[in-house]
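What follows is the content of upload.tsv, which has TSV, C-alpha atoms and all ligand atoms:
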chain	number	residue	atom	x	y	z
A	414	MET	CA	-11.05	-0.70	-11.83
A	415	GLY	CA	-13.99	0.02	-9.49
A	416	ASP	CA	-13.68	-3.38	-7.82
A	417	LEU	CA	-9.90	-3.06	-7.58
A	418	ARG	CA	-10.21	0.43	-6.08
A	419	GLN	CA	-12.49	-0.99	-3.37
A	420	LYS	CA	-10.09	-3.89	-2.69
A	421	LEU	CA	-7.15	-1.48	-2.39
A	422	LEU	CA	-9.12	0.80	-0.04
A	423	ASN	CA	-10.17	-2.21	2.09
A	424	SER	CA	-6.56	-3.34	2.19
A	425	LEU	CA	-5.29	0.12	3.25
A	426	ARG	CA	-7.99	0.19	5.95
A	427	THR	CA	-6.96	-3.26	7.24
A	428	ILE	CA	-3.33	-2.10	7.36
A	429	ILE	CA	-4.16	1.18	9.16
A	430	ASP	CA	-6.53	-0.54	11.63
A	431	SER	CA	-3.95	-3.19	12.55
A	432	ILE	CA	-0.68	-1.22	12.35
A	433	GLU	CA	-0.19	-1.78	16.11
A	434	ASN	CA	-0.74	-5.53	15.78
A	435	GLU	CA	2.61	-6.63	14.40
A	436	LEU	CA	1.91	-10.36	14.30
A	437	PHE	CA	-1.27	-9.89	12.27
A	438	ILE	CA	0.20	-7.26	9.95
A	439	ARG	CA	3.23	-9.45	9.20
A	440	SER	CA	1.12	-12.47	8.28
A	441	TYR	CA	-1.41	-10.41	6.28
A	442	LEU	CA	1.27	-8.56	4.30
A	443	GLY	CA	3.29	-11.76	3.83
A	444	TYR	CA	0.20	-13.41	2.32
A	445	LEU	CA	-0.63	-10.34	0.16
A	446	GLY	CA	2.99	-10.13	-1.01
A	447	GLY	CA	2.97	-13.84	-1.90
A	448	GLN	CA	-0.17	-13.33	-4.00
A	449	HIS	CA	1.51	-10.42	-5.79
A	450	LYS	CA	4.64	-12.44	-6.52
A	451	HIS	CA	3.11	-15.75	-7.57
A	452	LEU	CA	-0.35	-14.78	-8.88
A	453	TYR	CA	0.23	-11.31	-10.35
A	454	HIS	CA	3.96	-11.74	-11.16
A	455	VAL	CA	4.87	-8.47	-9.43
A	456	GLU	CA	8.64	-8.07	-9.03
A	457	GLY	CA	10.32	-6.13	-6.22
A	458	LYS	CA	11.52	-3.46	-8.62
A	459	TYR	CA	7.89	-2.44	-9.37
A	460	TYR	CA	7.14	-1.36	-5.77
A	461	PRO	CA	8.83	2.09	-5.80
A	462	ALA	CA	6.80	3.26	-8.85
A	463	PHE	CA	3.60	1.95	-7.24
A	464	GLY	CA	4.38	3.83	-4.00
A	465	GLN	CA	5.10	7.00	-5.95
A	466	ALA	CA	1.77	6.66	-7.80
A	467	ILE	CA	-0.14	6.37	-4.49
A	468	VAL	CA	1.57	9.45	-3.04
A	469	GLU	CA	0.96	11.46	-6.25
A	470	THR	CA	-2.71	10.39	-6.29
A	471	LEU	CA	-3.26	11.40	-2.64
A	472	LYS	CA	-1.46	14.69	-3.26
A	473	GLN	CA	-3.66	15.55	-6.25
A	474	TYR	CA	-6.81	14.48	-4.43
A	475	LEU	CA	-6.14	16.36	-1.18
A	476	GLN	CA	-4.62	19.46	-2.83
A	477	GLU	CA	-4.14	22.21	-0.20
A	478	LYS	CA	-4.89	19.76	2.64
A	479	TRP	CA	-1.75	17.78	1.70
A	480	THR	CA	1.27	18.69	3.87
A	481	PRO	CA	4.98	17.73	3.89
A	482	ALA	CA	4.30	15.83	7.14
A	483	TYR	CA	1.64	13.71	5.38
A	484	GLU	CA	4.04	13.09	2.50
A	485	LYS	CA	6.79	11.92	4.87
A	486	ALA	CA	4.40	9.70	6.83
A	487	TRP	CA	2.91	8.10	3.68
A	488	ILE	CA	6.33	7.45	2.14
A	489	GLU	CA	7.46	5.76	5.37
A	490	ALA	CA	4.25	3.73	5.63
A	491	ILE	CA	4.40	2.56	2.00
A	492	GLN	CA	8.06	1.57	2.44
A	493	TYR	CA	7.16	-0.40	5.57
A	494	VAL	CA	4.27	-2.19	3.80
A	495	SER	CA	6.29	-2.81	0.61
A	496	ASN	CA	9.18	-4.30	2.62
A	497	LEU	CA	6.89	-6.66	4.52
A	498	MET	CA	5.15	-7.72	1.29
A	499	GLN	CA	8.53	-8.79	-0.06
A	500	THR	CA	9.76	-10.77	2.98
B	601	LIG	C1	2.08	-1.20	-1.03
B	601	LIG	C2	2.01	-2.13	-2.01
B	601	LIG	C3	0.74	-2.79	-2.51
B	601	LIG	C4	-0.47	-3.02	-1.88
B	601	LIG	C5	-0.87	-2.65	-0.43
B	601	LIG	C6	-1.32	-3.70	-2.84
B	601	LIG	C7	-2.61	-4.15	-2.60
B	601	LIG	C8	-3.36	-4.94	-3.46
B	601	LIG	C9	-4.63	-5.57	-3.16
B	601	LIG	C10	-5.34	-5.47	-1.81
B	601	LIG	C11	-5.03	-6.26	-4.24
B	601	LIG	C12	-6.30	-7.11	-4.37
B	601	LIG	C13	-5.97	-8.52	-3.94
B	601	LIG	C14	-7.20	-9.40	-3.84
B	601	LIG	O1	-7.86	-9.35	-2.80
B	601	LIG	O2	-7.50	-10.10	-4.81
B	601	LIG	C15	-4.04	-6.08	-5.25
B	601	LIG	C16	-4.10	-6.65	-6.51
B	601	LIG	C17	-3.17	-6.43	-7.51
B	601	LIG	N1	-2.03	-5.68	-7.41
B	601	LIG	FE1	-1.34	-4.77	-5.72
B	601	LIG	N2	-0.65	-3.85	-4.03
B	601	LIG	C18	0.61	-3.31	-3.87
B	601	LIG	C19	1.61	-3.27	-4.83
B	601	LIG	C20	1.47	-3.63	-6.16
B	601	LIG	C21	2.48	-3.45	-7.19
B	601	LIG	C22	3.87	-2.83	-6.95
B	601	LIG	C23	1.95	-3.94	-8.34
B	601	LIG	C24	2.55	-3.98	-9.72
B	601	LIG	C25	3.13	-2.92	-10.29
B	601	LIG	C26	0.63	-4.44	-8.04
B	601	LIG	C27	-0.21	-5.07	-8.94
B	601	LIG	C28	-1.39	-5.71	-8.62
B	601	LIG	C29	-2.16	-6.53	-9.56
B	601	LIG	C30	-1.80	-6.82	-11.01
B	601	LIG	C31	-3.27	-6.98	-8.85
B	601	LIG	C32	-4.41	-7.89	-9.39
B	601	LIG	C33	-5.44	-7.04	-10.06
B	601	LIG	C34	-6.68	-7.81	-10.47
B	601	LIG	O3	-7.19	-8.63	-9.68
B	601	LIG	O4	-7.14	-7.56	-11.58
B	601	LIG	N3	0.36	-4.22	-6.70
B	601	LIG	N4	-3.03	-5.28	-4.77

Encoding of this model in structure tokens:
Amino acid sequence: MGDLRQKLLNSLRTIIDSIENELFIRSYLGYLGGQHKHLYHVEGKYYPAFGQAIVETLKQYLQEKWTPAYEKAWIEAIQYVSNLMQT
């Protein structure tokens, strides 16, 4: 889990750092999505639960620092990423 946590954090950082670079983000997320589909056998229907788990985790971790604006922004970002991973 420790290694996976670091990989997920690195991945989120890559996404945040390159959100303005559409060409890169599309190819990175297309590749990551392909790995999920073919290597990890992740189906599209699993993405909403995964997104919900990330939001719940951030909410619990940040407690009073968490705001409705953060929640809205994270839900939109996860939807954007999840969509690109499945195209
Ligand atoms: C926003 C969506 C997601 C992102 C950004 C994401 C990101 C990642 C990253 C960065 C890795 C490590 C890949 C590597 O470098 O080897 C990974 C692995 C993995 N992900 Fe995801 N993921 C997402 C959604 C999901 C979903 C929906 C599932 C299934 C419910 C899932 C299951 C897995 C599994 C099984 C692995 C492999 C774990 C291992 O190596 O032991 N992911 N994911």

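A straight line drawn from atom CA of A:Lys458 to atom CA of A:Ala486 is 21.5 Å long.
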
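In this comparison, which uses all atoms listed in the file, the residue of A:Arg426, A:Lys485, A:Lys420, A:Lys478 approaching ligand LIG 601 (chain B) most closely is A:Lys420.
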
Exercise for the section: Skip stretch 440-445 of chain A itself and residues of its chain fewer than 2 positions away, then list as a PyMOL selection string all residues within 7 Å of it, counting all atoms listed in the file. Expected result: chain A and resi 436-438+447-449+497-498+500

Output C-alpha atoms for every residue in the selection just made, as a CSV table (one decimal), in the frame of the given file.
chain,number,residue,atom,x,y,z
A,436,LEU,CA,1.9,-10.4,14.3
A,437,PHE,CA,-1.3,-9.9,12.3
A,438,ILE,CA,0.2,-7.3,10.0
A,447,GLY,CA,3.0,-13.8,-1.9
A,448,GLN,CA,-0.2,-13.3,-4.0
A,449,HIS,CA,1.5,-10.4,-5.8
A,497,LEU,CA,6.9,-6.7,4.5
A,498,MET,CA,5.2,-7.7,1.3
A,500,THR,CA,9.8,-10.8,3.0

Practice task
Collect all residues with atoms no farther than 6 Å from ligand LIG 601 (chain B), counting only C-alpha atoms and all ligand atoms, and output them as a list of chain:residue names.
Solution key: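 Checking only C-alpha atoms and all ligand atoms against ligand LIG 601 (chain B) at 6 Å gives A:Lys420, A:Leu421, A:Ser424, A:Tyr453, A:Val455, A:Tyr459, A:Tyr460, A:Phe463, A:Ile491, A:Val494, A:Ser495.
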
Would you save the residues from that selection as a tab-separated table (two decimals), in the frame of the given file, using C-alpha atoms?
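Written out: result.tsv:
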chain	number	residue	atom	x	y	z
A	420	LYS	CA	-10.09	-3.89	-2.69
A	421	LEU	CA	-7.15	-1.48	-2.39
A	424	SER	CA	-6.56	-3.34	2.19
A	453	TYR	CA	0.23	-11.31	-10.35
A	455	VAL	CA	4.87	-8.47	-9.43
A	459	TYR	CA	7.89	-2.44	-9.37
A	460	TYR	CA	7.14	-1.36	-5.77
A	463	PHE	CA	3.60	1.95	-7.24
A	491	ILE	CA	4.40	2.56	2.00
A	494	VAL	CA	4.27	-2.19	3.80
A	495	SER	CA	6.29	-2.81	0.61

Handout entry: Selected residue of minimal separation from A:Leu422 among A:Ile488, A:Ile467, A:Asn434, A:Thr480, counting all atoms listed in the file
Key = A:Ile467

Handout entry: Between atom CA of A:Tyr493 and atom CA of A:Asn423 - distance in Å to one decimal
Key =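 Result for atom CA of A:Asn423 versus atom CA of A:Tyr493: 17.8 Å, one decimal.
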
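Using all atoms listed in the file, the shortest contact distance between A:Ala466 and any of A:Trp487, A:Thr427, A:Arg439, A:Gly415 is found at A:Trp487.
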
Practice task
To one decimal in Å, tell me the separation between atom CA of A:Gln465 and atom CA of A:Glu489.
Solution key: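 These two atoms are separated by 11.6 Å.
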
Fill in the blank from the handout: Residue with the minimum atom-to-atom distance to A:Gln499, picked from A:Gly457, A:Ala462, A:Tyr483, A:Ile428 with only C-alpha atoms counted, is A:Gly457
